[in-house]
file structure.txt (compact mmCIF, C-alpha atoms and all ligand atoms)
# COMPACT_ATOMS: atom_id res chain seq x y z
CA MET A 1420 -5.36 13.49 -33.12
CA SER A 1421 -7.81 10.91 -31.82
CA LEU A 1422 -7.45 9.78 -28.21
CA GLN A 1423 -6.82 6.14 -27.41
CA GLN A 1424 -10.10 4.66 -26.21
CA ARG A 1425 -10.92 1.27 -24.73
CA ALA A 1426 -13.96 -0.33 -23.14
CA ILE A 1427 -13.72 -3.09 -20.56
CA ARG A 1428 -16.86 -5.15 -20.04
CA GLY A 1429 -17.53 -7.12 -16.86
CA ALA A 1430 -18.88 -6.84 -13.32
CA ILE A 1431 -17.54 -3.57 -11.90
CA LEU A 1432 -17.10 -2.75 -8.21
CA ASP A 1433 -15.66 0.38 -6.64
CA PHE A 1434 -16.05 2.55 -3.56
CA VAL A 1435 -17.00 6.17 -2.99
CA ASP A 1436 -16.67 6.11 0.80
CA ASP A 1437 -15.80 3.99 3.82
CA PRO A 1438 -18.49 1.34 4.45
CA ALA A 1439 -17.83 1.85 8.18
CA LEU A 1440 -19.30 5.34 7.72
CA SER A 1441 -21.74 5.04 4.81
CA GLY A 1442 -22.78 1.37 4.81
CA ASP A 1443 -24.12 0.20 1.46
CA ASP A 1444 -23.95 3.73 0.03
CA ALA A 1445 -20.17 3.41 0.14
CA TRP A 1446 -19.94 1.02 -2.84
CA ARG A 1447 -21.14 0.82 -6.44
CA TYR A 1448 -21.65 -2.42 -8.29
CA ILE A 1449 -22.64 -2.89 -11.92
CA GLU A 1450 -23.24 -6.51 -12.73
CA ASP A 1451 -22.78 -6.14 -16.49
CA GLY A 1452 -20.85 -2.92 -16.79
CA ILE A 1453 -18.52 -0.97 -19.01
CA LEU A 1454 -15.40 0.80 -17.86
CA TRP A 1455 -14.72 3.33 -20.61
CA ILE A 1456 -11.15 4.56 -20.80
CA GLU A 1457 -9.78 7.46 -22.76
CA ASP A 1458 -6.12 8.35 -22.95
CA GLY A 1459 -5.20 6.32 -19.85
CA ARG A 1460 -7.97 7.73 -17.66
CA VAL A 1461 -11.50 6.76 -16.72
CA LYS A 1462 -13.97 8.51 -18.99
CA LYS A 1463 -17.15 6.91 -17.68
CA THR A 1464 -18.63 3.78 -16.13
CA GLY A 1465 -22.16 2.48 -16.61
CA SER A 1466 -24.20 -0.55 -17.49
CA TYR A 1467 -23.45 -2.28 -20.77
CA GLU A 1468 -27.03 -1.76 -21.81
CA GLU A 1469 -26.80 2.00 -21.31
CA LEU A 1470 -23.32 2.66 -22.58
CA SER A 1471 -22.95 0.26 -25.49
CA ALA A 1472 -24.96 2.56 -27.79
CA GLU A 1473 -22.72 5.50 -26.89
CA LEU A 1474 -19.40 3.79 -27.51
CA PRO A 1475 -17.61 4.66 -30.75
CA GLU A 1476 -17.94 1.82 -33.23
CA SER A 1477 -14.21 1.43 -33.61
CA ILE A 1478 -13.54 1.16 -29.86
CA GLU A 1479 -11.37 -1.70 -28.62
CA LEU A 1480 -13.71 -3.82 -26.49
CA HIS A 1481 -12.31 -6.26 -23.90
CA GLU A 1482 -14.90 -8.66 -22.53
CA TYR A 1483 -14.49 -10.37 -19.17
CA ALA A 1484 -17.22 -12.88 -18.38
CA HIS A 1485 -17.10 -14.30 -14.79
CA HIS A 1486 -14.62 -11.59 -13.80
CA LEU A 1487 -14.79 -8.74 -11.34
CA ILE A 1488 -13.24 -5.42 -12.36
CA LEU A 1489 -11.78 -3.54 -9.40
CA PRO A 1490 -9.46 -0.54 -9.01
CA GLY A 1491 -5.81 -1.62 -8.65
CA PHE A 1492 -4.82 -2.47 -5.09
CA ILE A 1493 -2.93 0.11 -3.06
CA ASP A 1494 -0.26 -1.17 -0.68
CA THR A 1495 0.34 1.53 1.92
CA HIS A 1496 3.45 -0.02 3.48
CA ILE A 1497 6.09 -2.28 1.97
CA HIS A 1498 9.91 -2.64 1.84
CA TYR A 1499 11.28 -3.49 -1.60
CA PRO A 1500 14.78 -4.40 -0.35
CA GLN A 1501 13.26 -7.07 1.89
CA THR A 1502 11.89 -9.02 -1.09
CA GLU A 1503 14.71 -11.53 -0.82
CA MET A 1504 14.33 -12.19 2.91
CA ILE A 1505 10.57 -12.65 3.16
CA ALA A 1506 9.81 -15.69 5.36
CA ALA A 1507 12.81 -15.45 7.72
CA TYR A 1508 12.45 -17.81 10.68
CA GLY A 1509 11.98 -17.37 14.34
CA GLU A 1510 12.39 -13.77 15.58
CA ARG A 1511 10.27 -10.91 16.80
CA LEU A 1512 10.74 -7.39 15.46
CA LEU A 1513 13.95 -6.11 17.09
CA GLU A 1514 15.91 -9.36 16.74
CA TRP A 1515 14.47 -9.90 13.26
CA LEU A 1516 15.86 -6.52 12.20
CA GLU A 1517 19.33 -7.29 13.56
CA THR A 1518 19.49 -10.88 12.34
CA TYR A 1519 17.96 -10.69 8.89
CA THR A 1520 16.98 -7.22 7.77
CA PHE A 1521 20.04 -5.04 8.26
CA PRO A 1522 22.49 -7.48 6.58
CA VAL A 1523 20.22 -7.78 3.52
CA GLU A 1524 19.64 -4.03 3.28
CA SER A 1525 23.41 -3.40 3.27
CA LYS A 1526 23.56 -4.77 -0.30
CA PHE A 1527 21.64 -1.81 -1.69
CA SER A 1528 24.55 0.60 -1.87
CA ASP A 1529 24.94 -1.01 -5.30
CA GLU A 1530 22.42 0.60 -7.65
CA ALA A 1531 22.60 -2.24 -10.18
CA TYR A 1532 21.70 -4.71 -7.45
CA GLY A 1533 18.85 -2.44 -6.37
CA ARG A 1534 17.48 -2.41 -9.91
CA GLU A 1535 17.57 -6.18 -10.10
CA ILE A 1536 15.56 -6.53 -6.90
CA ALA A 1537 13.23 -3.61 -7.74
CA SER A 1538 12.42 -5.33 -10.99
CA VAL A 1539 11.48 -8.61 -9.28
CA PHE A 1540 9.52 -6.66 -6.67
CA LEU A 1541 7.50 -4.57 -9.14
CA ASP A 1542 6.71 -7.60 -11.29
CA GLU A 1543 5.46 -9.35 -8.17
CA LEU A 1544 3.27 -6.38 -7.22
CA LEU A 1545 1.71 -6.28 -10.69
CA LYS A 1546 1.15 -10.02 -10.66
CA ASN A 1547 -0.80 -9.51 -7.43
CA GLY A 1548 -2.84 -6.62 -8.78
CA THR A 1549 -1.12 -3.89 -6.80
CA THR A 1550 -0.61 -0.77 -8.88
CA THR A 1551 0.46 1.78 -6.24
CA ALA A 1552 2.60 1.36 -3.15
CA LEU A 1553 4.29 3.40 -0.45
CA VAL A 1554 7.74 1.87 -0.36
CA PHE A 1555 10.76 1.85 1.94
CA GLY A 1556 14.17 1.89 0.26
CA THR A 1557 17.32 1.45 2.35
CA VAL A 1558 19.65 4.02 3.87
CA HIS A 1559 21.44 4.27 0.50
CA PRO A 1560 20.23 6.94 -1.95
CA GLU A 1561 21.16 4.49 -4.73
CA SER A 1562 18.34 2.22 -3.55
CA VAL A 1563 15.83 4.96 -4.37
CA ASP A 1564 17.37 5.82 -7.73
CA ALA A 1565 17.17 2.12 -8.60
CA PHE A 1566 13.57 1.80 -7.48
CA PHE A 1567 12.26 4.91 -9.20
CA THR A 1568 14.07 4.05 -12.43
CA GLU A 1569 12.30 0.68 -12.58
CA ALA A 1570 8.92 2.14 -11.52
CA GLN A 1571 9.17 4.90 -14.11
CA GLN A 1572 9.81 2.37 -16.87
CA ARG A 1573 6.55 0.67 -15.90
CA ARG A 1574 4.65 4.00 -15.76
CA LEU A 1575 3.59 3.24 -12.19
CA ARG A 1576 2.32 5.58 -9.51
CA MET A 1577 4.77 4.87 -6.69
CA ILE A 1578 5.92 6.68 -3.56
CA ALA A 1579 9.30 5.85 -2.02
CA GLY A 1580 12.12 7.24 0.03
CA LYS A 1581 15.60 6.71 1.38
CA VAL A 1582 15.65 5.44 4.95
CA MET A 1583 17.02 7.86 7.54
CA MET A 1584 18.72 6.05 10.45
CA ASP A 1585 21.66 7.46 12.38
CA ARG A 1586 21.87 5.36 15.57
CA ASN A 1587 21.13 2.04 17.28
CA ALA A 1588 21.97 -0.03 14.22
CA PRO A 1589 25.24 -1.41 12.80
CA ASP A 1590 27.51 1.23 11.21
CA PHE A 1591 27.26 -0.40 7.80
CA ILE A 1592 23.58 0.55 7.62
CA CYS A 1593 23.63 3.98 9.30
CA ASP A 1594 23.87 7.50 7.91
CA GLU A 1595 24.48 10.77 9.74
CA ALA A 1596 21.82 13.37 10.38
CA ASP A 1597 23.15 16.11 8.09
CA GLU A 1598 24.04 13.64 5.38
CA SER A 1599 20.53 12.11 5.52
CA TYR A 1600 19.04 15.56 5.11
CA ALA A 1601 21.22 16.40 2.11
CA ASP A 1602 20.71 13.00 0.44
CA SER A 1603 16.93 13.12 0.94
CA LYS A 1604 16.79 16.64 -0.42
CA ALA A 1605 18.74 15.68 -3.53
CA LEU A 1606 16.38 12.73 -4.12
CA ILE A 1607 13.32 14.95 -3.70
CA GLU A 1608 14.73 17.37 -6.27
CA ARG A 1609 15.51 14.50 -8.63
CA TRP A 1610 12.33 12.44 -8.36
CA HIS A 1611 9.39 14.07 -6.60
CA GLY A 1612 6.64 14.77 -9.13
CA VAL A 1613 8.49 13.17 -12.05
CA ASP A 1614 5.85 11.28 -14.06
CA ARG A 1615 3.84 9.39 -11.43
CA LEU A 1616 6.60 9.20 -8.82
CA GLN A 1617 6.53 10.93 -5.45
CA TYR A 1618 8.95 11.09 -2.58
CA ALA A 1619 8.48 10.10 1.07
CA VAL A 1620 10.79 11.35 3.82
CA THR A 1621 11.46 8.03 5.56
CA PRO A 1622 12.91 7.90 9.09
CA ARG A 1623 12.99 4.13 9.81
CA PHE A 1624 11.43 4.41 13.30
CA ALA A 1625 12.09 6.49 16.39
CA PRO A 1626 14.73 4.18 17.95
CA THR A 1627 17.09 4.49 14.98
CA SER A 1628 16.98 8.30 14.68
CA THR A 1629 18.50 10.97 16.90
CA ASP A 1630 16.42 14.01 17.82
CA ARG A 1631 18.53 15.95 15.36
CA GLN A 1632 17.67 13.60 12.49
CA LEU A 1633 13.94 13.71 13.26
CA GLU A 1634 14.13 17.49 13.39
CA LEU A 1635 15.79 17.53 9.94
CA ALA A 1636 13.08 15.22 8.61
CA GLY A 1637 10.56 17.81 9.82
CA LYS A 1638 12.58 20.55 8.12
CA LEU A 1639 12.38 18.70 4.79
CA LEU A 1640 8.60 18.39 5.14
CA LYS A 1641 8.33 22.13 5.75
CA GLU A 1642 10.50 22.88 2.75
CA TYR A 1643 8.60 20.46 0.50
CA PRO A 1644 4.97 20.36 1.72
CA SER A 1645 3.84 17.97 -1.02
CA VAL A 1646 6.26 15.18 -0.10
CA TYR A 1647 5.14 12.31 2.12
CA MET A 1648 6.35 11.11 5.52
CA HIS A 1649 6.60 7.35 6.05
CA THR A 1650 7.72 5.52 9.18
CA HIS A 1651 6.81 2.79 11.71
CA LEU A 1652 4.81 3.34 14.88
CA ALA A 1653 3.92 1.24 17.93
CA GLU A 1654 4.31 -2.14 16.27
CA ASN A 1655 5.65 -4.23 19.10
CA VAL A 1656 5.66 -3.95 22.90
CA GLU A 1657 9.44 -4.20 23.29
CA GLU A 1658 9.86 -1.47 20.69
CA CYS A 1659 7.36 0.76 22.55
CA ALA A 1660 9.22 0.26 25.85
CA TRP A 1661 12.50 1.14 24.10
CA VAL A 1662 11.02 4.36 22.68
CA ALA A 1663 9.78 5.36 26.15
CA GLU A 1664 13.34 4.85 27.43
CA LEU A 1665 15.01 6.73 24.56
CA PHE A 1666 12.59 9.67 24.58
CA PRO A 1667 11.63 10.22 28.25
CA GLN A 1668 10.47 13.76 27.49
CA SER A 1669 7.77 12.58 25.04
CA LYS A 1670 4.19 11.94 26.16
CA HIS A 1671 4.00 8.75 24.10
CA TYR A 1672 5.47 7.13 20.98
CA LEU A 1673 3.56 9.24 18.44
CA ASP A 1674 4.51 12.37 20.35
CA VAL A 1675 8.17 11.80 19.37
CA TYR A 1676 7.18 12.26 15.73
CA ASP A 1677 4.68 15.01 16.56
CA GLN A 1678 7.33 17.11 18.27
CA ALA A 1679 9.48 16.88 15.16
CA GLY A 1680 6.59 18.11 12.96
CA LEU A 1681 6.07 14.78 11.18
CA LEU A 1682 2.25 14.55 11.31
CA SER A 1683 0.11 15.64 8.35
CA GLU A 1684 -2.35 14.34 5.72
CA ARG A 1685 0.69 13.07 3.87
CA SER A 1686 2.04 11.07 6.83
CA VAL A 1687 1.68 7.29 6.95
CA PHE A 1688 2.57 5.28 10.03
CA ALA A 1689 2.92 1.54 9.65
CA HIS A 1690 1.23 -0.66 12.27
CA GLY A 1691 -0.10 1.56 15.09
CA ILE A 1692 -1.10 -1.42 17.22
CA HIS A 1693 -0.27 -0.18 20.71
CA LEU A 1694 -1.73 3.33 20.83
CA CYS A 1695 -3.25 5.42 23.61
CA ASP A 1696 -6.35 7.58 23.03
CA ASP A 1697 -4.31 10.75 22.82
CA ALA A 1698 -2.22 9.27 19.99
CA CYS A 1699 -5.37 8.21 18.09
CA GLU A 1700 -6.76 11.70 18.47
CA ARG A 1701 -3.57 13.34 17.19
CA LEU A 1702 -3.54 11.01 14.18
CA SER A 1703 -7.13 11.97 13.46
CA GLU A 1704 -6.68 15.73 13.99
CA THR A 1705 -3.69 15.88 11.70
CA GLY A 1706 -5.18 13.63 8.98
CA SER A 1707 -2.30 11.15 9.41
CA ALA A 1708 -2.90 7.54 8.37
CA ILE A 1709 -2.18 4.09 9.77
CA ALA A 1710 -1.05 1.33 7.41
CA HIS A 1711 -2.47 -1.87 8.86
CA CYS A 1712 -0.20 -4.83 8.07
CA PRO A 1713 -1.89 -7.99 9.35
CA THR A 1714 0.35 -10.69 7.85
CA SER A 1715 3.35 -8.98 9.40
CA ASN A 1716 1.64 -8.46 12.74
CA LEU A 1717 0.86 -12.18 12.94
CA PHE A 1718 4.21 -13.38 11.57
CA LEU A 1719 6.32 -11.21 13.92
CA GLY A 1720 3.91 -11.77 16.81
CA SER A 1721 3.42 -8.01 17.10
CA GLY A 1722 -0.24 -7.83 18.14
CA LEU A 1723 -3.84 -7.34 17.09
CA ILE A 1724 -4.86 -3.89 15.85
CA GLU A 1725 -8.06 -2.29 17.14
CA LEU A 1726 -9.57 -1.33 13.79
CA GLU A 1727 -12.94 -0.23 15.18
CA ARG A 1728 -11.23 2.14 17.63
CA LEU A 1729 -9.33 3.83 14.81
CA ALA A 1730 -12.59 4.17 12.86
CA GLU A 1731 -14.38 5.62 15.90
CA LYS A 1732 -11.60 8.17 16.36
CA GLY A 1733 -11.72 9.08 12.66
CA VAL A 1734 -8.21 7.86 11.83
CA GLN A 1735 -7.51 7.15 8.14
CA VAL A 1736 -6.51 3.53 7.57
CA GLY A 1737 -4.98 1.73 4.62
CA VAL A 1738 -3.66 -1.81 4.25
CA GLY A 1739 -0.02 -2.77 3.82
CA THR A 1740 1.68 -6.06 3.11
CA ASP A 1741 4.89 -5.00 4.92
CA VAL A 1742 6.97 -7.46 2.90
CA GLY A 1743 9.39 -8.84 4.20
CA GLY A 1744 7.98 -8.70 7.79
CA GLY A 1745 4.72 -9.49 6.01
CA THR A 1746 4.41 -12.89 4.39
CA SER A 1747 2.69 -12.20 1.08
CA PHE A 1748 2.56 -9.69 -1.77
CA SER A 1749 -1.08 -10.63 -2.25
CA MET A 1750 -3.66 -8.13 -1.05
CA PHE A 1751 -6.16 -11.00 -0.88
CA GLN A 1752 -3.91 -12.92 1.52
CA THR A 1753 -3.43 -9.72 3.47
CA LEU A 1754 -7.19 -9.16 3.74
CA ALA A 1755 -7.67 -12.79 4.75
CA ASP A 1756 -5.30 -12.21 7.67
CA ALA A 1757 -6.92 -8.85 8.47
CA TYR A 1758 -10.17 -10.77 8.94
CA LYS A 1759 -8.48 -13.33 11.19
CA VAL A 1760 -6.84 -10.62 13.31
CA GLN A 1761 -10.30 -9.19 14.03
CA ALA A 1762 -11.72 -12.69 14.57
CA MET A 1763 -9.11 -13.20 17.32
CA ARG A 1764 -10.62 -10.11 18.99
CA ASN A 1765 -14.17 -11.34 18.53
CA ARG A 1766 -14.76 -8.61 15.92
CA LYS A 1767 -15.65 -8.78 12.24
CA LEU A 1768 -14.14 -7.21 9.14
CA ASP A 1769 -16.73 -7.35 6.39
CA PRO A 1770 -15.56 -7.90 2.81
CA PHE A 1771 -16.81 -4.54 1.54
CA ARG A 1772 -14.81 -2.65 4.14
CA ALA A 1773 -11.80 -4.88 3.51
CA LEU A 1774 -11.85 -4.13 -0.23
CA TYR A 1775 -12.46 -0.44 0.49
CA LEU A 1776 -9.29 -0.43 2.66
CA ALA A 1777 -7.30 -2.03 -0.16
CA THR A 1778 -8.50 0.51 -2.78
CA LEU A 1779 -10.10 3.87 -1.95
CA GLY A 1780 -9.02 3.63 1.71
CA GLY A 1781 -5.43 3.34 0.53
CA ALA A 1782 -5.88 6.27 -1.87
CA ARG A 1783 -7.26 8.37 0.98
CA ALA A 1784 -4.44 7.33 3.30
CA LEU A 1785 -2.03 8.53 0.61
CA ASP A 1786 -4.00 11.70 -0.09
CA LEU A 1787 -4.54 10.48 -3.67
CA GLU A 1788 -8.32 10.34 -3.90
CA GLY A 1789 -9.29 11.73 -7.31
CA TYR A 1790 -6.17 10.20 -8.88
CA ILE A 1791 -6.47 6.52 -8.00
CA GLY A 1792 -8.58 4.18 -5.85
CA ASN A 1793 -11.91 4.23 -7.70
CA PHE A 1794 -13.50 4.76 -11.12
CA GLU A 1795 -14.56 8.39 -10.85
CA PRO A 1796 -14.22 10.10 -14.26
CA GLY A 1797 -10.71 11.51 -14.66
CA CYS A 1798 -9.05 8.94 -12.39
CA GLU A 1799 -5.99 7.16 -13.70
CA ALA A 1800 -7.06 3.87 -15.25
CA ASP A 1801 -5.17 1.48 -12.95
CA PHE A 1802 -7.36 -1.56 -12.44
CA ILE A 1803 -7.50 -5.33 -12.29
CA THR A 1804 -9.70 -8.09 -13.61
CA ILE A 1805 -10.29 -10.85 -11.08
CA ASP A 1806 -11.15 -14.29 -12.43
CA LEU A 1807 -13.85 -15.98 -10.36
CA HIS A 1808 -13.06 -19.23 -12.16
CA ALA A 1809 -9.29 -18.97 -11.72
CA THR A 1810 -9.11 -22.53 -10.42
CA PRO A 1811 -11.64 -25.35 -10.66
CA PHE A 1812 -12.17 -25.15 -6.91
CA LEU A 1813 -12.69 -21.39 -6.92
CA LYS A 1814 -15.26 -21.84 -9.70
CA PHE A 1815 -16.95 -24.53 -7.62
CA ARG A 1816 -17.02 -22.30 -4.54
CA THR A 1817 -18.02 -18.99 -6.16
CA GLU A 1818 -20.81 -20.66 -8.15
CA ARG A 1819 -22.37 -21.50 -4.79
CA CYS A 1820 -22.31 -17.90 -3.55
CA ARG A 1821 -25.74 -16.34 -3.27
CA SER A 1822 -24.81 -12.69 -2.77
CA LEU A 1823 -22.09 -10.23 -3.72
CA PHE A 1824 -21.14 -10.07 -0.04
CA GLU A 1825 -20.52 -13.82 0.01
CA THR A 1826 -18.59 -13.81 -3.26
CA LEU A 1827 -16.33 -11.00 -2.07
CA PHE A 1828 -15.71 -12.73 1.23
CA VAL A 1829 -14.75 -15.94 -0.55
CA LEU A 1830 -12.35 -14.00 -2.80
CA ASN A 1831 -10.80 -12.20 0.19
CA THR A 1832 -10.40 -15.43 2.11
CA LEU A 1833 -9.25 -17.82 -0.61
CA GLY A 1834 -7.67 -15.39 -3.08
CA ASP A 1835 -4.07 -15.07 -4.19
CA ASP A 1836 -2.17 -14.09 -7.35
CA ARG A 1837 -3.90 -16.80 -9.42
CA LEU A 1838 -7.10 -14.74 -9.35
CA ILE A 1839 -5.51 -11.69 -10.95
CA ASP A 1840 -6.12 -12.26 -14.63
CA THR A 1841 -4.90 -8.87 -15.87
CA THR A 1842 -3.43 -5.78 -14.24
CA TRP A 1843 -3.83 -2.50 -16.12
CA VAL A 1844 -1.71 0.61 -15.67
CA MET A 1845 -2.87 3.90 -17.19
CA GLY A 1846 -5.27 1.99 -19.41
CA GLU A 1847 -2.70 -0.50 -20.74
CA ILE A 1848 -2.21 -4.15 -19.77
CA ALA A 1849 0.89 -4.36 -17.56
CA HIS A 1850 0.47 -7.96 -16.47
CA ARG A 1851 -1.41 -10.88 -17.96
CA ARG A 1852 -1.57 -14.05 -15.86
CA ASP A 1853 -1.16 -16.51 -18.65
CA SER A 1854 1.74 -14.89 -20.47
N1 LIG B 1901 10.46 -1.19 12.35
C1 LIG B 1901 11.65 -0.65 11.97
N2 LIG B 1901 12.10 -1.19 10.83
C2 LIG B 1901 11.19 -2.09 10.46
C3 LIG B 1901 11.09 -2.98 9.34
O1 LIG B 1901 11.96 -3.04 8.46
N3 LIG B 1901 9.98 -3.77 9.30
C4 LIG B 1901 9.01 -3.72 10.25
N4 LIG B 1901 7.96 -4.50 10.14
N5 LIG B 1901 9.09 -2.90 11.31
C5 LIG B 1901 10.16 -2.10 11.41
ZN ZN B 1902 7.68 -2.11 7.72
call {"tool": "encode", "arguments": {"input": "structure.txt", "output": "structure tokens", "more": "lines below"}}
Ligand code: GUN
Ligand code: ZN
result
Amino acid sequence: MSLQQRAIRGAILDFVDDPALSGDDAWRYIEDGILWIEDGRVKKTGSYEELSAELPESIELHEYAHHLILPGFIDTHIHYPQTEMIAAYGERLLEWLETYTFPVESKFSDEAYGREIASVFLDELLKNGTTTALVFGTVHPESVDAFFTEAQQRRLRMIAGKVMMDRNAPDFICDEADESYADSKALIERWHGVDRLQYAVTPRFAPTSTDRQLELAGKLLKEYPSVYMHTHLAENVEECAWVAELFPQSKHYLDVYDQAGLLSERSVFAHGIHLCDDACERLSETGSAIAHCPTSNLFLGSGLIELERLAEKGVQVGVGTDVGGGTSFSMFQTLADAYKVQAMRNRKLDPFRALYLATLGGARALDLEGYIGNFEPGCEADFITIDLHATPFLKFRTERCRSLFETLFVLNTLGDDRLIDTTWVMGEIAHRRDS
């Protein structure tokens, strides 16, 4: 049986390390390159000149002039049930949750409804070039069944979990500790490792879990060491003060999770804006990651993350849209705001590091390097083609760029879903802009 082979021709960019550590050695760029795919995986990349002679004559060749080929974006923190309440007016985190989020999430006890929203959500991700995400469901196990069913149909690599929350929220959106353990366990057994789907134990955040529930979350992670842990951390000052009140015996916010055994290479904490040195060091020591969500941090007035401090402490960082606290599914829009957050602090986020964070940085945060995030041979062929001439104005602006650095910065700053010409999943086109 012959294996399905394809060759994609265009300018190819990917990362092998964090530019904050390795500078220009962190990225690879081939101006006229070939991405050679075999059976849904990367076989090889190289220059067109070099590789064209090696390609089988019958190979399907896709040519992309004035396009950039990049690994699919990785969104390390997003809530699919909040798709319908993105852009809700006027509140900061705790009031925003009470006013908008909890009522909307209550609808997801209905699996059919969950599938409807999951379908809209996944289509939107693909349209924006995002091929993997770490996703919050709701407290209802049905929300996860719905999500994974839709993701599986699209052959996507997705990580998701049922929210655990047993206090400090309306009854209609709460579970109980033992029930949350049993429901999470059943979902892990049903979905974790099925096709490209993986499970994340998902306590919402410390204020909405009892000690007992956090302890049971830790028990699940011990029982299933390959599942993920996904929660929120130190997003907003009122939230931090509340955690200090609720957990007086903890050294700091992260310590609440640490004491429950929730820190590991498979743990992702959204936000991490207001952290002490000890917390940064524990994140680093345990290989835990921060999902930086700039559009959300600006929209909810949560604060300005200290990216350089996390890098200095050796903390893994990925980027998240945090829809619906975040205001866009677009990784470009998210990177544009990440730049502005650092500008407000008189710091810079260069476009290479930004695109690293949205690709290989995300894969590392999710402990998935070698599977996704770059074009190393054997990686799953999830990638996007970005059209530098997507609009007349973008053509006008990119034609005036004199370096790759400048072009990438223009894309990061001005980009949105219009730039994503095609999104490929396991070597097949999953979204085409014009169809
Ligand atoms: N903290 C607890 N729940 C949430 C949520 O749904 N969104 C955000 N941004 N922060 C949270
Ligand atoms: Zn969130």
call {"tool": "atom_distance", "arguments": {"input": "structure.txt", "atom1": "atom CA of Glu1704 of chain A", "atom2": "atom CA of Leu1681 of chain A"}}
result
13.1 Å
call {"tool": "residues_near_ligand", "arguments": {"input": "structure.txt", "ligand": "ligand LIG 1901 (chain B)", "cutoff": "9 Å", "atoms": "all atoms listed in the file", "output": "compact mmCIF listing (two decimals) with C-alpha atoms, in the frame of the given file"}}
result
# COMPACT_ATOMS: atom_id res chain seq x y z
CA ILE A 1497 6.09 -2.28 1.97
CA HIS A 1498 9.91 -2.64 1.84
CA GLN A 1501 13.26 -7.07 1.89
CA LEU A 1512 10.74 -7.39 15.46
CA LEU A 1513 13.95 -6.11 17.09
CA TRP A 1515 14.47 -9.90 13.26
CA LEU A 1516 15.86 -6.52 12.20
CA THR A 1520 16.98 -7.22 7.77
CA PHE A 1521 20.04 -5.04 8.26
CA PHE A 1555 10.76 1.85 1.94
CA ARG A 1623 12.99 4.13 9.81
CA PHE A 1624 11.43 4.41 13.30
CA ALA A 1625 12.09 6.49 16.39
CA PRO A 1626 14.73 4.18 17.95
CA THR A 1627 17.09 4.49 14.98
CA THR A 1650 7.72 5.52 9.18
CA HIS A 1651 6.81 2.79 11.71
CA LEU A 1652 4.81 3.34 14.88
CA ALA A 1653 3.92 1.24 17.93
CA GLU A 1654 4.31 -2.14 16.27
CA ASN A 1655 5.65 -4.23 19.10
CA GLU A 1658 9.86 -1.47 20.69
CA ALA A 1689 2.92 1.54 9.65
CA HIS A 1690 1.23 -0.66 12.27
CA CYS A 1712 -0.20 -4.83 8.07
CA SER A 1715 3.35 -8.98 9.40
CA ASN A 1716 1.64 -8.46 12.74
CA LEU A 1719 6.32 -11.21 13.92
CA ASP A 1741 4.89 -5.00 4.92
CA VAL A 1742 6.97 -7.46 2.90
CA GLY A 1743 9.39 -8.84 4.20
CA GLY A 1744 7.98 -8.70 7.79
CA GLY A 1745 4.72 -9.49 6.01
call {"tool": "closest_residue", "arguments": {"input": "structure.txt", "among": "A:Asp1494, A:Asp1696, A:Glu1727, A:Asp1436", "to": "ligand ZN 1902 (chain B)", "atoms": "only C-alpha atoms and all ligand atoms"}}
result
A:Asp1494
call {"tool": "residues_around", "arguments": {"input": "structure.txt", "residues": "Gly1797 of chain A", "least_positions_apart": "2", "cutoff": "12 Å", "atoms": "only C-alpha atoms", "output": "PyMOL selection string"}}
result
chain A and resi 1455-1464+1788-1795+1799-1801+1845-1846
call {"tool": "closest_residue", "arguments": {"input": "structure.txt", "among": "A:Ser1749, A:Thr1495, A:Gln1617, A:Glu1731", "to": "His1711 of chain A", "atoms": "all atoms listed in the file"}}
result
A:Thr1495
call {"tool": "closest_residue", "arguments": {"input": "structure.txt", "among": "A:Asp1602, A:Asp1630, A:Asp1443, A:Glu1450", "to": "Ala1430 of chain A", "atoms": "only C-alpha atoms"}}
result
A:Glu1450
call {"tool": "residues_around", "arguments": {"input": "structure.txt", "residues": "Ile1453 of chain A", "least_positions_apart": "2", "cutoff": "6 Å", "atoms": "all atoms listed in the file", "output": "list in words"}}
result
Ile1427, Arg1428, Trp1455, Thr1464, Gly1465, Ser1466 and Tyr1467 of chain A
call {"tool": "closest_residue", "arguments": {"input": "structure.txt", "among": "A:Ala1588, A:Cys1699, A:Ala1445, A:Leu1487", "to": "Ile1431 of chain A", "atoms": "only C-alpha atoms"}}
result
A:Leu1487
call {"tool": "atom_distance", "arguments": {"input": "structure.txt", "atom1": "atom CA of Gly1834 of chain A", "atom2": "atom CA of Glu1569 of chain A"}}
result
27.3 Å
call {"tool": "atom_distance", "arguments": {"input": "structure.txt", "atom1": "atom CA of Met1763 of chain A", "atom2": "atom CA of Val1687 of chain A"}}
result
25.4 Å
call {"tool": "closest_residue", "arguments": {"input": "structure.txt", "among": "A:Ser1599, A:Ser1669, A:Ser1686, A:Thr1841", "to": "His1559 of chain A", "atoms": "only C-alpha atoms"}}
result
A:Ser1599
call {"tool": "residues_near_point", "arguments": {"input": "structure.txt", "point": "(-23.4, -12.5, -5.4)", "cutoff": "12 Å", "atoms": "only C-alpha atoms", "output": "list in words"}}
result
Ala1430, Leu1432, Tyr1448, Ile1449, Glu1450, His1485, Leu1487, Leu1807, Arg1816, Thr1817, Glu1818, Arg1819, Cys1820, Arg1821, Ser1822, Leu1823, Phe1824, Glu1825, Thr1826, Leu1827, Phe1828, Val1829 and Leu1830 of chain A
